[in-house]
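Have a look at structure18.csv; it's CSV, C-alpha atoms and all ligand atoms:
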```csv
chain,number,residue,atom,x,y,z
A,70,MET,CA,28.0,29.5,44.6
A,71,TYR,CA,30.8,27.0,45.0
A,72,ALA,CA,31.8,23.6,43.6
A,73,VAL,CA,32.9,20.5,45.5
A,74,ILE,CA,35.2,18.2,43.7
A,75,SER,CA,36.9,15.0,44.9
A,76,ASP,CA,38.9,11.9,44.0
A,77,ILE,CA,40.7,13.3,41.0
A,78,HIS,CA,43.2,10.5,41.2
A,79,SER,CA,45.9,12.0,38.9
A,80,ASN,CA,43.4,12.1,36.0
A,81,LEU,CA,44.5,15.4,34.2
A,82,GLU,CA,42.0,15.0,31.3
A,83,ALA,CA,39.0,14.7,33.7
A,84,LEU,CA,40.2,17.5,36.0
A,85,THR,CA,40.8,19.9,33.1
A,86,ALA,CA,37.3,19.2,31.7
A,87,VAL,CA,35.8,19.9,35.1
A,88,LEU,CA,37.7,23.1,35.6
A,89,ALA,CA,36.7,24.2,32.1
A,90,ASP,CA,33.0,23.5,33.1
A,91,LEU,CA,33.5,25.7,36.2
A,92,ASP,CA,35.1,28.5,34.1
A,93,ALA,CA,32.1,28.4,31.7
A,94,LEU,CA,29.8,28.7,34.7
A,95,GLY,CA,31.9,31.4,36.3
A,96,VAL,CA,32.5,29.4,39.5
A,97,ARG,CA,35.5,30.7,41.4
A,98,ASP,CA,35.0,29.0,44.8
A,99,VAL,CA,36.3,25.4,44.5
A,100,ARG,CA,36.6,23.0,47.4
A,101,CYS,CA,38.3,19.6,47.1
A,102,LEU,CA,37.7,16.6,49.3
A,103,GLY,CA,41.1,14.9,48.6
A,104,ASP,CA,42.6,12.0,46.7
A,105,VAL,CA,44.2,14.4,44.3
A,106,VAL,CA,46.6,11.6,43.4
A,107,GLY,CA,46.8,7.8,43.2
A,108,TYR,CA,45.7,5.3,40.4
A,109,GLY,CA,46.3,7.8,37.5
A,110,PRO,CA,49.2,8.9,35.3
A,111,SER,CA,49.4,12.7,35.9
A,112,PRO,CA,50.0,13.4,39.6
A,113,LEU,CA,52.3,16.5,39.2
A,114,GLU,CA,49.9,18.3,36.9
A,115,CYS,CA,46.9,17.5,39.0
A,116,VAL,CA,48.5,18.7,42.3
A,117,ASP,CA,49.6,21.9,40.6
A,118,LEU,CA,46.1,22.6,39.2
A,119,VAL,CA,44.2,21.8,42.4
A,120,GLN,CA,46.6,23.9,44.4
A,121,ARG,CA,46.0,26.8,42.1
A,122,ARG,CA,42.3,26.5,41.7
A,123,ALA,CA,40.9,25.2,45.0
A,124,GLN,CA,40.5,27.4,48.0
A,125,VAL,CA,39.9,24.5,50.4
A,126,VAL,CA,41.5,21.0,50.1
A,127,VAL,CA,41.2,18.3,52.7
A,128,ARG,CA,43.3,15.1,52.9
A,129,GLY,CA,42.3,11.8,51.2
A,130,ASN,CA,43.6,8.3,52.0
A,131,HIS,CA,45.7,8.2,48.9
A,132,ASP,CA,47.3,11.6,49.7
A,133,GLU,CA,47.9,10.3,53.2
A,134,ALA,CA,49.5,7.1,52.0
A,135,LEU,CA,52.2,9.1,50.3
A,136,VAL,CA,53.7,9.6,53.7
A,137,HIS,CA,52.3,6.8,55.9
A,138,GLY,CA,52.4,4.0,53.3
A,139,ALA,CA,49.7,2.3,51.3
A,140,TYR,CA,48.4,0.0,54.1
A,141,GLY,CA,45.3,-1.9,53.3
A,142,PHE,CA,45.5,-0.9,49.6
A,143,HIS,CA,45.0,-3.7,47.0
A,144,LEU,CA,48.1,-4.5,45.0
A,145,ARG,CA,47.4,-2.3,41.9
A,146,ALA,CA,46.5,0.7,44.0
A,147,LYS,CA,49.7,0.2,46.1
A,148,ASP,CA,51.9,-0.1,43.0
A,149,ALA,CA,50.3,3.1,41.6
A,150,LEU,CA,50.8,4.9,44.9
A,151,ASP,CA,54.5,3.8,45.1
A,152,TRP,CA,55.1,5.1,41.6
A,153,THR,CA,53.2,8.4,42.5
A,154,ARG,CA,55.5,8.8,45.6
A,155,ASP,CA,58.5,8.4,43.3
A,156,GLN,CA,57.2,11.2,41.1
A,157,LEU,CA,56.4,13.6,43.9
A,158,ARG,CA,58.9,13.0,46.8
A,159,PRO,CA,61.8,15.5,46.8
A,160,GLY,CA,65.3,14.2,46.5
A,161,PHE,CA,68.6,15.6,47.6
A,162,MET,CA,68.8,17.7,44.4
A,163,SER,CA,65.2,18.8,44.2
A,164,GLY,CA,64.4,22.5,43.9
A,165,GLN,CA,61.9,24.7,45.8
A,166,ALA,CA,58.9,23.9,43.5
A,167,VAL,CA,59.2,20.1,44.2
A,168,ARG,CA,59.5,20.6,47.9
A,169,ARG,CA,56.7,23.1,48.0
A,170,ARG,CA,54.4,20.7,46.2
A,171,TRP,CA,55.3,17.8,48.5
A,172,ASP,CA,54.9,19.9,51.7
A,173,TRP,CA,51.5,21.1,50.5
A,174,LEU,CA,50.2,17.7,49.6
A,175,THR,CA,51.4,16.0,52.8
A,176,THR,CA,50.1,18.5,55.3
A,177,LEU,CA,46.6,18.9,54.0
A,178,PRO,CA,44.0,19.4,56.8
A,179,LEU,CA,41.6,16.5,57.7
A,180,ARG,CA,38.4,18.6,57.6
A,181,HIS,CA,36.9,21.9,56.8
A,182,GLU,CA,33.8,23.5,58.2
A,183,ASP,CA,31.5,26.2,56.8
A,184,GLY,CA,28.7,27.2,59.2
A,185,PRO,CA,26.5,24.1,59.7
A,186,ASP,CA,28.3,22.1,56.9
A,187,VAL,CA,31.3,19.8,57.2
A,188,PHE,CA,33.7,18.7,54.5
A,189,VAL,CA,35.8,15.5,54.8
A,190,HIS,CA,37.2,12.9,52.4
A,191,GLY,CA,35.6,9.8,54.0
A,192,SER,CA,33.8,10.4,57.3
A,193,PRO,CA,34.0,12.7,60.3
A,194,ARG,CA,34.8,9.8,62.6
A,195,ASP,CA,37.8,8.7,60.6
A,196,PRO,CA,38.3,11.4,58.0
A,197,THR,CA,40.6,9.7,55.5
A,198,GLN,CA,39.6,6.0,55.9
A,199,GLU,CA,36.0,5.3,56.8
A,200,TYR,CA,33.4,4.7,54.0
A,201,LEU,CA,29.8,5.9,54.2
A,202,MET,CA,27.8,3.7,51.8
A,203,ALA,CA,24.1,4.0,51.2
A,204,ALA,CA,23.9,0.2,51.1
A,205,GLU,CA,25.2,0.0,54.7
A,206,ALA,CA,22.9,2.8,55.9
A,207,ALA,CA,19.9,0.9,54.4
A,208,TYR,CA,20.2,-1.7,57.2
A,209,GLY,CA,18.8,1.0,59.5
A,210,PRO,CA,20.1,2.8,62.7
A,211,SER,CA,23.6,1.9,63.8
A,212,GLU,CA,26.1,3.3,66.2
A,213,LYS,CA,28.3,4.2,63.2
A,214,PHE,CA,25.8,6.4,61.5
A,215,GLU,CA,24.4,7.8,64.7
A,216,GLU,CA,27.9,9.1,65.5
A,217,VAL,CA,28.4,10.4,61.9
A,218,PHE,CA,25.1,12.3,61.9
A,219,ALA,CA,25.9,13.7,65.4
A,220,ALA,CA,29.2,15.2,63.9
A,221,PHE,CA,27.6,17.8,61.7
A,222,ASP,CA,24.5,20.1,61.8
A,223,ARG,CA,23.2,20.2,58.2
A,224,LEU,CA,25.2,18.8,55.3
A,225,LEU,CA,28.2,16.6,55.3
A,226,PHE,CA,30.2,16.6,52.0
A,227,VAL,CA,32.2,13.4,51.3
A,228,GLY,CA,33.9,11.6,48.5
A,229,HIS,CA,36.0,8.4,48.9
A,230,THR,CA,33.4,5.8,47.7
A,231,HIS,CA,33.3,7.3,44.1
A,232,HIS,CA,29.5,6.8,44.3
A,233,PRO,CA,27.6,10.1,44.1
A,234,GLY,CA,24.4,10.4,46.1
A,235,VAL,CA,22.8,11.3,49.4
A,236,ILE,CA,22.1,9.5,52.7
A,237,THR,CA,19.6,11.4,54.9
A,238,SER,CA,19.4,11.1,58.7
A,239,ASP,CA,16.3,8.9,58.4
A,240,TYR,CA,18.7,6.3,56.7
A,241,GLU,CA,17.3,6.8,53.2
A,242,GLY,CA,19.9,6.5,50.4
A,243,ARG,CA,19.3,8.2,47.0
A,244,THR,CA,21.3,8.5,43.8
A,245,PRO,CA,21.4,11.8,42.0
A,246,ALA,CA,19.0,10.3,39.4
A,247,GLN,CA,16.5,9.4,42.1
A,248,LEU,CA,16.8,13.0,43.3
A,249,GLY,CA,16.2,14.4,39.9
A,250,GLY,CA,19.8,15.6,39.7
A,251,ALA,CA,19.7,17.9,42.7
A,252,LEU,CA,19.1,18.1,46.5
A,253,ARG,CA,17.2,21.0,47.9
A,254,VAL,CA,18.0,21.8,51.6
A,255,ASP,CA,14.4,22.9,52.0
A,256,ASP,CA,13.1,19.5,51.1
A,257,LEU,CA,15.1,17.9,53.9
A,258,ALA,CA,12.6,19.3,56.4
A,259,GLY,CA,15.1,19.3,59.2
A,260,ARG,CA,16.8,16.1,58.3
A,261,LYS,CA,20.6,16.1,57.9
A,262,ALA,CA,22.2,14.8,54.7
A,263,ILE,CA,25.5,13.1,53.8
A,264,VAL,CA,26.2,14.4,50.3
A,265,ASN,CA,28.6,12.2,48.3
A,266,VAL,CA,30.0,14.4,45.5
A,267,GLY,CA,31.2,11.5,43.4
A,268,SER,CA,34.6,11.3,41.7
A,269,VAL,CA,36.2,13.6,39.1
A,270,GLY,CA,38.9,11.1,37.9
A,271,GLN,CA,37.6,7.6,38.6
A,272,PRO,CA,33.8,7.4,38.7
A,273,ARG,CA,32.5,3.9,39.8
A,274,ASP,CA,28.7,4.3,39.3
A,275,GLY,CA,28.7,3.0,35.8
A,276,ASP,CA,28.8,6.5,34.2
A,277,PRO,CA,32.3,7.3,32.9
A,278,ARG,CA,31.9,11.0,32.9
A,279,ALA,CA,33.6,13.1,35.5
A,280,CYS,CA,31.4,13.9,38.5
A,281,TYR,CA,31.2,16.9,40.9
A,282,VAL,CA,28.6,19.1,42.7
A,283,LEU,CA,27.6,22.7,42.5
A,284,VAL,CA,26.2,24.3,45.7
A,285,ASP,CA,24.1,27.4,45.0
A,286,ASP,CA,21.5,29.0,47.2
A,287,ASP,CA,21.0,25.8,49.3
A,288,VAL,CA,20.6,23.6,46.2
A,289,VAL,CA,23.2,20.8,45.6
A,290,THR,CA,23.4,19.9,41.9
A,291,TRP,CA,25.4,17.0,40.5
A,292,ARG,CA,27.2,17.6,37.2
A,293,ARG,CA,28.6,15.1,34.8
A,294,VAL,CA,31.3,16.2,32.4
A,295,PRO,CA,32.4,14.1,29.5
A,296,TYR,CA,36.2,14.1,28.8
A,297,ALA,CA,38.8,12.4,26.6
A,298,ALA,CA,39.2,9.2,28.8
A,299,ASP,CA,41.0,7.5,25.9
A,300,ARG,CA,43.8,9.9,26.3
A,301,THR,CA,44.1,9.1,30.0
A,302,VAL,CA,44.0,5.4,29.1
A,303,ALA,CA,46.9,6.0,26.7
A,304,ARG,CA,48.9,7.7,29.4
A,305,VAL,CA,48.3,4.8,31.8
A,306,ARG,CA,49.5,2.4,29.1
A,307,ALA,CA,52.6,4.5,28.6
A,308,THR,CA,53.5,4.2,32.3
A,309,PRO,CA,54.8,0.7,32.9
A,310,ARG,CA,54.3,0.8,36.7
A,311,LEU,CA,50.6,1.5,36.4
A,312,HIS,CA,48.4,-1.6,35.7
A,313,PRO,CA,46.5,-1.2,32.4
A,314,SER,CA,43.2,-1.9,34.2
A,315,LEU,CA,43.6,1.4,36.0
A,316,GLY,CA,43.1,3.0,32.6
A,317,GLU,CA,40.5,0.6,31.1
A,318,ARG,CA,38.1,1.0,34.0
A,319,LEU,CA,37.8,4.7,33.2
A,320,LEU,CA,36.1,3.9,29.8
A,321,VAL,CA,33.2,2.2,31.6
A,322,GLY,CA,33.1,4.1,34.9
A,323,THR,CA,33.6,1.1,37.3
B,1,ZN,ZN,39.4,7.9,46.0
```
Can you give me the file's structure in the form of structure tokens?
Amino acid sequence: MYAVISDIHSNLEALTAVLADLDALGVRDVRCLGDVVGYGPSPLECVDLVQRRAQVVVRGNHDEALVHGAYGFHLRAKDALDWTRDQLRPGFMSGQAVRRRWDWLTTLPLRHEDGPDVFVHGSPRDPTQEYLMAAEAAYGPSEKFEEVFAAFDRLLFVGHTHHPGVITSDYEGRTPAQLGGALRVDDLAGRKAIVNVGSVGQPRDGDPRACYVLVDDDVVTWRRVPYAADRTVARVRATPRLHPSLGERLLVGT
């Protein structure tokens, strides 16, 4: 059994609640699909926790933007990323711990493979940037999705959109609710599936609870974990360089 978490976005309260849920379930194997930082108020704590608890971590677009710049980000996301970089980047006087954290976060691999399954932040074609949305797949066969489905053999685990769900290789999109909360590999009957694990620290599907998946015996189960989002909102408000809306959206999950 293993867990796949993604898009923590410097939300310590959400991450702590998810890790407590994993402890209660006895899950040791944790894989993270990136965007450990960005948007939220607790980058250092989240990097340290993910580094300690996750066996596999791949790079997200926000992690990448620490080094390469926040190109294409909207203004509030860019301001948050610039503040995050100031918290994390080693200076002349920085000690080993600061340098080690920065080196780890800025050299994360782009993808991970486990047998027939692939793990990336966004898409196998463009691991950190490309979005795979069910609404786009619903238009039917496209070169983009043909290439994506050709890039893995069974399951592709992604985050990035903050919208949990599945897109199967017959271009059907389903939310966790439409799947009854879980996807059974047996039910795929040979189809491949893009599994979006949702977001721990900034869900955008209208449910403010932290989201991640458990994979056990070829069953993928989405879990929602309530957490003290009001505390995260207070931390955002106490950080002048983070726009207050980055906190407020957490209360409604948008
Ligand atoms: Zn993200």
request  = List all protein, DNA and RNA residues that have at least one atom no more than 12 Å from any atom of ligand ZN 1 (chain B), counting only C-alpha atoms and all ligand atoms, and write them as a ChimeraX atom specification.
outcome  = /A:74-80,101-109,128-134,142,146,150,190-191,197-200,227-232,265-273
request  = Would you mind listing what lies within 6 Å of region 289-298 of chain A as a VMD selection string, with all atoms listed in the file counted and same-chain residues fewer than 4 positions away left out?
outcome  = chain A and resid 83 86 250 to 252 278 to 284
Atom-to-atom span, CA of Trp173 (chain A) and CA of Arg300 (chain A), Å = 27.8 Å
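When all atoms listed in the file are used to measure the gap to Val254 (chain A), the shortest distance among A:Gly316, A:Gly322, A:Pro159, A:Pro185 belongs to A:Pro185.
Compared by their closest atoms to Val217 (chain A), and using all atoms listed in the file, the residues A:Ala262, A:Leu177, A:Ala149, A:Glu182 rank with A:Ala262 nearest.
Proximity ranking of A:Leu144, A:Val125, A:Pro112, A:Gly209 relative to Leu179 (chain A) places A:Val125 first, based on all atoms listed in the file.
Taking all atoms listed in the file into account, Ala206 (chain A) lies nearest to A:Glu241 out of the set A:Glu241, A:Asp117, A:Asp285, A:Asp222.
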Interatomic distance (Å, one decimal) between CA of Gln156 (chain A) and CA of Ser314 (chain A) = 20.4 Å
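CA of Ser163 (chain A) is positioned 14.0 Å from CA of Leu113 (chain A).
Distances to Arg194 (chain A) were evaluated for A:Ala220, A:Leu311, A:Ala207, A:Val99 using all atoms listed in the file, and the minimum falls at A:Ala220.
If only C-alpha atoms are the atoms counted, then among A:Thr175, A:Thr153, A:Gln120, A:Thr85 the closest residue to Thr308 (chain A) is A:Thr153.
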